[in-house]
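> work38.tsv is the file, holding TSV, C-alpha atoms (C1' of nucleotides):
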```tsv
chain	number	residue	atom	x	y	z
A	1	MET	CA	20.89	12.13	16.84
A	2	ILE	CA	20.87	10.26	20.11
A	3	SER	CA	18.19	7.67	20.77
A	4	ASP	CA	17.54	6.02	24.05
A	5	PHE	CA	16.81	2.49	22.98
A	6	SER	CA	16.22	1.35	26.54
A	7	GLN	CA	12.94	3.25	26.38
A	8	LEU	CA	11.78	1.13	23.50
A	9	GLN	CA	11.03	-2.09	25.35
A	10	ASN	CA	7.83	-3.47	23.87
A	11	ASN	CA	4.98	-4.46	26.08
A	12	CYS	CA	2.99	-6.95	24.06
A	13	ASN	CA	0.59	-7.72	26.89
A	14	ASP	CA	-0.82	-4.22	26.68
A	15	CYS	CA	-0.72	-4.05	22.90
A	16	LYS	CA	-4.13	-3.09	21.54
A	17	ASP	CA	-3.24	-4.17	18.03
A	18	LYS	CA	-2.61	-7.85	18.61
A	19	SER	CA	-3.25	-10.30	15.78
A	20	CYS	CA	-5.91	-13.00	16.22
A	21	ALA	CA	-3.06	-15.37	16.77
A	22	ALA	CA	-1.20	-13.24	19.29
A	23	ALA	CA	-4.43	-12.64	21.20
A	24	ILE	CA	-4.49	-16.24	22.34
A	25	LEU	CA	-0.90	-16.34	23.57
A	26	HIS	CA	-0.37	-16.78	27.28
A	27	PRO	CA	0.98	-13.82	29.26
A	28	ALA	CA	4.27	-15.63	29.72
A	29	GLU	CA	4.60	-16.15	25.99
A	30	LEU	CA	3.76	-12.53	25.30
A	31	GLU	CA	6.43	-11.59	27.78
A	32	ILE	CA	8.98	-13.43	25.64
A	33	VAL	CA	7.66	-11.74	22.52
A	34	SER	CA	7.97	-8.38	24.26
A	35	LYS	CA	11.65	-8.98	24.83
A	36	ASN	CA	12.24	-10.13	21.27
A	37	SER	CA	10.30	-7.67	19.22
A	38	ARG	CA	10.45	-4.01	18.38
A	39	GLU	CA	8.05	-1.50	16.95
A	40	THR	CA	9.10	0.80	14.10
A	41	ASP	CA	7.48	3.43	11.94
A	42	PHE	CA	7.70	3.82	8.21
A	43	LYS	CA	6.66	6.74	6.08
A	44	LYS	CA	4.38	6.52	3.11
A	45	GLY	CA	6.38	5.30	0.14
A	46	ASP	CA	9.08	3.59	2.20
A	47	ILE	CA	10.10	0.11	1.17
A	48	LEU	CA	9.84	-2.36	4.02
A	49	VAL	CA	11.17	-5.41	2.27
A	50	GLN	CA	12.93	-5.95	-1.06
A	51	ALA	CA	12.20	-9.11	-2.96
A	52	GLY	CA	15.28	-11.29	-2.98
A	53	SER	CA	16.48	-10.26	0.46
A	54	MET	CA	16.90	-12.85	3.14
A	55	THR	CA	14.04	-13.39	5.51
A	56	SER	CA	15.24	-12.25	8.90
A	57	ASN	CA	12.46	-11.04	11.11
A	58	ILE	CA	8.76	-11.59	11.15
A	59	ILE	CA	7.08	-8.33	10.26
A	60	TYR	CA	3.67	-7.64	11.73
A	61	LEU	CA	1.64	-4.74	10.38
A	62	LYS	CA	0.08	-2.79	13.26
A	63	SER	CA	-1.40	0.08	11.32
A	64	GLY	CA	-1.56	1.44	7.80
A	65	LEU	CA	-1.63	-0.18	4.39
A	66	VAL	CA	1.15	-1.96	2.53
A	67	LYS	CA	1.37	-3.17	-1.05
A	68	GLU	CA	2.83	-6.55	-1.87
A	69	TYR	CA	4.39	-6.57	-5.33
A	70	ILE	CA	7.01	-7.90	-7.67
A	71	LYS	CA	8.91	-6.15	-10.43
A	72	SER	CA	9.49	-7.76	-13.78
A	73	ALA	CA	12.82	-7.62	-15.56
A	74	THR	CA	11.58	-4.59	-17.48
A	75	ASP	CA	10.74	-2.80	-14.23
A	76	LYS	CA	7.02	-3.27	-14.69
A	77	GLU	CA	5.26	-3.69	-11.40
A	78	GLN	CA	2.67	-6.31	-10.62
A	79	ILE	CA	0.83	-5.68	-7.38
A	80	LEU	CA	-0.25	-8.92	-5.78
A	81	GLN	CA	-2.36	-7.61	-2.97
A	82	ILE	CA	-2.84	-4.90	-0.45
A	83	VAL	CA	-2.02	-5.89	3.07
A	84	LYS	CA	-4.23	-4.55	5.81
A	85	LYS	CA	-3.28	-3.96	9.40
A	86	TYR	CA	-3.20	-6.85	11.83
A	87	THR	CA	-1.50	-9.21	9.45
A	88	TYR	CA	1.98	-10.67	9.17
A	89	LEU	CA	3.94	-9.86	6.03
A	90	GLY	CA	5.41	-12.56	3.86
A	91	LEU	CA	4.75	-15.65	5.94
A	92	PRO	CA	4.77	-17.90	2.85
A	93	SER	CA	8.31	-16.70	2.09
A	94	GLN	CA	9.25	-17.08	5.71
A	95	PHE	CA	8.18	-20.70	5.90
A	96	GLY	CA	8.64	-21.71	2.28
A	97	ASP	CA	12.11	-20.37	1.61
A	98	ARG	CA	14.97	-18.37	3.01
A	99	VAL	CA	14.44	-15.34	0.79
A	100	ASN	CA	11.54	-12.97	0.42
A	101	HIS	CA	9.72	-13.58	-2.81
A	102	TYR	CA	7.85	-10.31	-2.80
A	103	SER	CA	8.58	-6.69	-2.05
A	104	TYR	CA	6.59	-4.61	0.40
A	105	ALA	CA	6.14	-0.86	0.36
A	106	ALA	CA	4.13	1.42	2.61
A	107	LEU	CA	1.06	2.99	0.96
A	108	THR	CA	0.38	5.10	4.02
A	109	ASP	CA	2.40	5.89	7.10
A	110	VAL	CA	2.77	2.57	8.81
A	111	LYS	CA	3.58	1.00	12.15
A	112	VAL	CA	5.13	-2.44	12.19
A	113	CYS	CA	6.53	-4.82	14.74
A	114	TYR	CA	9.63	-6.84	14.03
A	115	ILE	CA	9.56	-10.16	15.82
A	116	ASP	CA	12.53	-12.43	16.17
A	117	VAL	CA	12.00	-15.33	13.80
A	118	ASN	CA	13.27	-17.92	16.26
A	119	VAL	CA	10.83	-16.82	18.90
A	120	PHE	CA	8.02	-16.87	16.36
A	121	ASN	CA	8.91	-20.36	15.18
A	122	LYS	CA	9.08	-21.59	18.74
A	123	LEU	CA	5.56	-20.31	19.37
A	124	ILE	CA	4.32	-22.06	16.25
A	125	ARG	CA	5.81	-25.35	17.40
A	126	GLU	CA	4.73	-25.13	20.99
A	127	ASN	CA	1.36	-23.47	20.88
A	128	GLY	CA	-1.04	-25.28	18.58
A	129	ASN	CA	-3.77	-22.69	18.92
A	130	PHE	CA	-1.38	-19.99	17.87
A	131	ALA	CA	-0.19	-22.05	14.92
A	132	TYR	CA	-3.78	-22.76	13.95
A	133	GLU	CA	-4.65	-19.06	13.82
A	134	ILE	CA	-1.60	-18.36	11.70
A	135	LEU	CA	-2.54	-21.16	9.33
A	136	VAL	CA	-6.08	-19.82	9.05
A	137	SER	CA	-4.89	-16.36	8.10
A	138	VAL	CA	-2.36	-17.61	5.57
A	139	SER	CA	-4.90	-19.93	3.98
A	140	ARG	CA	-7.60	-17.29	3.72
A	141	ASP	CA	-5.17	-15.00	2.00
A	142	SER	CA	-4.08	-17.65	-0.39
A	143	LEU	CA	-7.61	-18.75	-1.28
A	144	TYR	CA	-8.78	-15.25	-1.80
A	145	ASN	CA	-5.84	-14.21	-3.93
A	146	PHE	CA	-6.04	-17.27	-6.12
A	147	HIS	CA	-9.64	-16.51	-6.91
A	148	ARG	CA	-8.70	-12.97	-7.74
A	149	PHE	CA	-6.00	-14.03	-10.15
A	150	MET	CA	-8.10	-16.71	-11.77
A	151	ASN	CA	-10.89	-14.24	-12.33
A	152	GLN	CA	-8.44	-11.69	-13.61
A	153	SER	CA	-6.95	-13.95	-16.22
A	154	GLN	CA	-10.38	-14.53	-17.73
A	155	LYS	CA	-11.71	-11.01	-17.62
A	156	LYS	CA	-11.36	-8.04	-19.86
A	157	VAL	CA	-10.45	-4.58	-18.70
A	158	TYR	CA	-14.00	-3.67	-17.66
A	159	GLY	CA	-14.36	-6.63	-15.38
A	160	ARG	CA	-10.94	-6.12	-13.90
A	161	VAL	CA	-11.52	-2.49	-13.09
A	162	ALA	CA	-14.87	-3.36	-11.53
A	163	ASP	CA	-13.15	-6.10	-9.53
A	164	ALA	CA	-10.52	-3.73	-8.24
A	165	ILE	CA	-13.11	-1.19	-7.16
A	166	LEU	CA	-15.05	-3.91	-5.35
A	167	TYR	CA	-11.81	-5.21	-3.84
A	168	PHE	CA	-11.09	-1.84	-2.28
A	169	SER	CA	-14.66	-1.31	-1.23
A	170	ARG	CA	-15.27	-4.72	0.32
A	171	ILE	CA	-11.97	-6.15	1.37
A	172	ILE	CA	-9.82	-3.16	2.17
A	173	PHE	CA	-12.15	-0.46	3.41
A	174	ASP	CA	-15.54	-2.07	3.93
A	175	GLN	CA	-17.20	1.10	2.69
A	176	GLU	CA	-18.73	2.22	-0.59
A	177	SER	CA	-16.73	5.40	-0.57
A	178	PHE	CA	-13.02	5.46	-0.03
A	179	GLU	CA	-9.75	7.27	-0.65
A	180	LEU	CA	-7.67	5.30	-3.11
A	181	PRO	CA	-4.23	4.73	-1.55
A	182	PHE	CA	-2.87	4.37	-5.07
A	183	THR	CA	-1.72	6.37	-8.02
A	184	ARG	CA	-3.47	5.48	-11.28
A	185	GLN	CA	-0.33	3.66	-12.30
A	186	GLU	CA	-0.50	1.46	-9.22
A	187	PHE	CA	-4.19	0.89	-9.76
A	188	ALA	CA	-3.40	-0.38	-13.24
A	189	ASP	CA	-0.53	-2.47	-11.86
A	190	LEU	CA	-2.93	-4.19	-9.49
A	191	ILE	CA	-5.19	-5.42	-12.27
A	192	GLY	CA	-2.52	-5.98	-14.88
A	193	VAL	CA	-3.59	-3.52	-17.55
A	194	SER	CA	-2.04	-0.36	-18.91
A	195	ARG	CA	-2.60	2.88	-17.09
A	196	GLU	CA	-4.30	4.29	-20.16
A	197	SER	CA	-6.94	1.63	-20.50
A	198	SER	CA	-7.56	1.57	-16.80
A	199	THR	CA	-8.28	5.32	-16.61
A	200	ARG	CA	-10.35	5.11	-19.77
A	201	VAL	CA	-12.62	2.56	-18.15
A	202	LEU	CA	-12.66	4.43	-14.86
A	203	LEU	CA	-13.85	7.56	-16.64
A	204	LYS	CA	-16.41	5.57	-18.58
A	205	PHE	CA	-17.81	4.24	-15.32
A	206	VAL	CA	-18.08	7.81	-14.10
A	207	ALA	CA	-19.81	8.88	-17.31
A	208	GLU	CA	-22.30	6.06	-16.88
A	209	GLY	CA	-22.96	7.03	-13.30
A	210	LEU	CA	-21.60	3.86	-11.70
A	211	LEU	CA	-18.94	5.76	-9.81
A	212	SER	CA	-18.03	9.25	-8.88
A	213	ILE	CA	-14.40	10.21	-8.62
A	214	GLN	CA	-12.76	13.31	-7.21
A	215	GLY	CA	-9.04	12.87	-7.37
A	216	ARG	CA	-8.43	9.76	-5.34
A	217	LEU	CA	-11.78	9.77	-3.63
A	218	ILE	CA	-13.98	7.10	-5.18
A	219	THR	CA	-17.64	6.60	-4.40
A	220	ILE	CA	-19.65	3.68	-5.69
A	221	GLU	CA	-23.01	4.88	-6.95
A	222	LYS	CA	-24.45	1.76	-8.52
A	223	MET	CA	-23.19	-1.26	-6.67
A	224	GLU	CA	-25.34	-3.81	-8.52
A	225	MET	CA	-24.17	-2.63	-11.91
A	226	LEU	CA	-20.55	-2.94	-10.81
A	227	GLU	CA	-21.19	-6.43	-9.50
A	228	THR	CA	-22.74	-7.44	-12.79
A	229	ILE	CA	-19.79	-6.10	-14.74
A	230	SER	CA	-17.42	-7.84	-12.36
A	231	LYS	CA	-19.28	-11.11	-12.87
A	232	ASN	CA	-19.62	-10.98	-16.62
A	233	GLY	CA	-16.17	-9.66	-17.34
B	1	DC	C1'	9.57	29.23	10.99
B	2	DC	C1'	7.00	30.50	6.59
B	3	DA	C1'	6.70	31.81	1.65
B	4	DT	C1'	8.32	31.28	-3.26
B	5	DT	C1'	9.98	28.83	-6.65
B	6	DA	C1'	12.05	24.81	-8.73
B	7	DA	C1'	11.72	19.94	-9.60
B	8	DT	C1'	9.42	15.77	-9.71
B	9	DT	C1'	5.31	13.05	-9.97
B	10	DT	C1'	0.74	12.18	-11.53
B	11	DA	C1'	-3.37	12.11	-14.64
B	12	DG	C1'	-5.57	12.46	-18.81
B	13	DT	C1'	-5.57	12.61	-23.83
C	1	DA	C1'	4.47	10.43	-25.99
C	2	DC	C1'	3.08	15.00	-24.51
C	3	DT	C1'	0.84	18.58	-21.55
C	4	DA	C1'	-1.30	20.28	-17.60
C	5	DA	C1'	-1.98	19.90	-12.96
C	6	DA	C1'	-0.62	18.66	-8.48
C	7	DT	C1'	2.51	17.38	-5.10
C	8	DT	C1'	7.04	17.66	-2.98
C	9	DA	C1'	11.66	19.47	-2.34
C	10	DA	C1'	14.83	23.38	-2.14
C	11	DT	C1'	15.85	27.98	-1.35
C	12	DG	C1'	15.99	32.32	0.90
C	13	DG	C1'	14.35	35.45	4.11
```
Now, as a test, write the supplied structure out as structure tokens.


Amino acid sequence: MISDFSQLQNNCNDCKDKSCAAAILHPAELEIVSKNSRETDFKKGDILVQAGSMTSNIIYLKSGLVKEYIKSATDKEQILQIVKKYTYLGLPSQFGDRVNHYSYAALTDVKVCYIDVNVFNKLIRENGNFAYEILVSVSRDSLYNFHRFMNQSQKKVYGRVADAILYFSRIIFDQESFELPFTRQEFADLIGVSRESSTRVLLKFVAEGLLSIQGRLITIEKMEMLETISKNG
DNA sequence: CCATTAATTTAGT
DNA sequence: ACTAAATTAATGG
């Protein structure tokens, strides 16, 4: 297997998948990023980062979906969030520590860009607008996720399932009908309940006409009802 | 390369 | 935990 790596020079100026932050970089800065970054593909199911590993490169998600998760000592998985394209993975770990606190695995086939951490840090220090955009995205994430976890800790299974459905519909796909990128196990791991109770509720929602489900294809039929359940737990 | 079958994973009870 | 169904990997032509 012979690869010609010289063909792989990135051209960030022409990149159509730039982050909000990267979009405001000057051409000269993007030129530096081009020379210090590389695009790679991952297949569905591949692990991009293992929790506990050293942070080395900045990873930018260009396309596809990624789950951010941790495993407990007993190998139970807790999924923290789903990462959409056009976001950087694990910035809190990058800036807050030297090791990755979470693991990342591809839910779909995925394209990422590895960016040299020194170059990235230099941009943060030297370009305030860039740094500002990064800070905005990290803060939004953090606010949103905290609300999700706070809500979750107060709600029962019904509310949590409704939340997760709304999460996919509003945040991830922005549609009322979507293909779940998850197994039922992962769906349960996202909301912190057993697979059994999660499917039980899912099927109950179908029986009551709130949802229709064919395999992994989920369609919301009664949005208001779901919102009410989400609100009242 | 495609078709069968074996093995693993997933979903529901 | 167990079974059925579905998905994926291995085998052979």

> Could you tell me how far CA of Lys85 in chain A lies from CA of Gln214 in chain A, in Å and to one decimal?

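So the answer is 25.8 Å.
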
> Calculated over all atoms listed in the file, which of the candidates A:Ala73, A:Cys12, A:Leu226, A:Gly215 has the smallest distance to DA5 in chain C?

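Nearest to DA5 in chain C: A:Gly215.
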
> Report, in Å with one decimal, the straight-line distance from CA of Tyr102 in chain A to CA of Ser72 in chain A.

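Between CA of Tyr102 in chain A and CA of Ser72 in chain A the gap is 11.4 Å.
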
> When you look at Gln185 in chain A with a cut-off of 10 Å (counting all atoms listed in the file), what residues show up, excluding the ones that are within fewer than 6 positions of it in the same chain? I need them as number ranges by chain.

A: 77, 193-196, 198-199; B: 10-11

> Hey, can you check how far CA of Ser142 in chain A sits from CA of Pro92 in chain A?

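Distance reported for this atom pair: 9.4 Å.
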
> Quick one: residues within 9 Å of DA6 in chain B, only C-alpha atoms (C1' of nucleotides), excluding same-chain residues fewer than 6 positions away - as a list in words?

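Listing them by chain and then by number gives DA9, DA10 and DT11 of chain C.
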
> Which polymer residues have any atom within 10 Å of an atom of Lys71 in chain A, counting all atoms listed in the file, with same-chain residues fewer than 4 positions away left out, as a PyMOL selection string?

chain A and resi 51+75-79+102-103

> Nearest residue to chain B out of A:Asp141, A:Glu186, A:Glu179, A:Glu221, using all atoms listed in the file?

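Closest candidate: A:Glu186.
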
> Draw an axis-aligned box tight on the listed atoms of chain B, then pad every side by 5 Å and write out centre and edge lengths in Å to one decimal as lines of an AutoDock Vina configuration file.


```
center_x = 3.2
center_y = 22.0
center_z = -6.4
size_x = 27.6
size_y = 29.7
size_z = 44.8
```

> Could you pull the residues within 10 Å of Ile220 in chain A, counting all atoms listed in the file, minus those fewer than 4 positions along the same chain, as a ChimeraX atom specification?

/A:165-166,169,175-178,205-206,209-213,224-226

> Could you model N, CA, C and O atoms for range 64-75 of chain A and present them as an mmCIF file, in the frame of the given file?


```cif
data_model
loop_
_atom_site.group_PDB
_atom_site.id
_atom_site.type_symbol
_atom_site.label_atom_id
_atom_site.label_comp_id
_atom_site.auth_asym_id
_atom_site.auth_seq_id
_atom_site.Cartn_x
_atom_site.Cartn_y
_atom_site.Cartn_z
ATOM 1 N N GLY A 64 -1.882 0.964 9.129
ATOM 2 C CA GLY A 64 -1.560 1.440 7.800
ATOM 3 C C GLY A 64 -1.783 0.375 6.735
ATOM 4 O O GLY A 64 -2.242 -0.727 7.028
ATOM 5 N N LEU A 65 -1.461 0.724 5.523
ATOM 6 C CA LEU A 65 -1.630 -0.180 4.390
ATOM 7 C C LEU A 65 -0.300 -0.380 3.682
ATOM 8 O O LEU A 65 0.509 0.531 3.588
ATOM 9 N N VAL A 66 -0.101 -1.597 3.190
ATOM 10 C CA VAL A 66 1.150 -1.960 2.530
ATOM 11 C C VAL A 66 0.808 -2.662 1.226
ATOM 12 O O VAL A 66 -0.169 -3.412 1.161
ATOM 13 N N LYS A 67 1.580 -2.406 0.182
ATOM 14 C CA LYS A 67 1.370 -3.170 -1.050
ATOM 15 C C LYS A 67 2.411 -4.274 -1.163
ATOM 16 O O LYS A 67 3.584 -4.073 -0.836
ATOM 17 N N GLU A 68 1.947 -5.411 -1.621
ATOM 18 C CA GLU A 68 2.830 -6.550 -1.870
ATOM 19 C C GLU A 68 2.982 -6.660 -3.379
ATOM 20 O O GLU A 68 1.985 -6.748 -4.087
ATOM 21 N N TYR A 69 4.216 -6.643 -3.880
ATOM 22 C CA TYR A 69 4.390 -6.570 -5.330
ATOM 23 C C TYR A 69 5.690 -7.214 -5.783
ATOM 24 O O TYR A 69 6.582 -7.474 -4.971
ATOM 25 N N ILE A 70 5.752 -7.469 -7.070
ATOM 26 C CA ILE A 70 7.010 -7.900 -7.670
ATOM 27 C C ILE A 70 7.269 -7.033 -8.891
ATOM 28 O O ILE A 70 6.347 -6.497 -9.496
ATOM 29 N N LYS A 71 8.543 -6.904 -9.234
ATOM 30 C CA LYS A 71 8.910 -6.150 -10.430
ATOM 31 C C LYS A 71 9.442 -7.111 -11.466
ATOM 32 O O LYS A 71 10.255 -7.978 -11.163
ATOM 33 N N SER A 72 8.985 -6.923 -12.706
ATOM 34 C CA SER A 72 9.490 -7.760 -13.780
ATOM 35 C C SER A 72 10.856 -7.247 -14.203
ATOM 36 O O SER A 72 11.300 -6.199 -13.745
ATOM 37 N N ALA A 73 11.491 -7.994 -15.086
ATOM 38 C CA ALA A 73 12.820 -7.620 -15.560
ATOM 39 C C ALA A 73 12.795 -6.234 -16.191
ATOM 40 O O ALA A 73 13.761 -5.473 -16.094
ATOM 41 N N THR A 74 11.674 -5.885 -16.805
ATOM 42 C CA THR A 74 11.580 -4.590 -17.480
ATOM 43 C C THR A 74 11.058 -3.513 -16.541
ATOM 44 O O THR A 74 10.590 -2.471 -16.990
ATOM 45 N N ASP A 75 11.116 -3.795 -15.222
ATOM 46 C CA ASP A 75 10.740 -2.800 -14.230
ATOM 47 C C ASP A 75 9.238 -2.547 -14.165
ATOM 48 O O ASP A 75 8.810 -1.588 -13.560
#
```
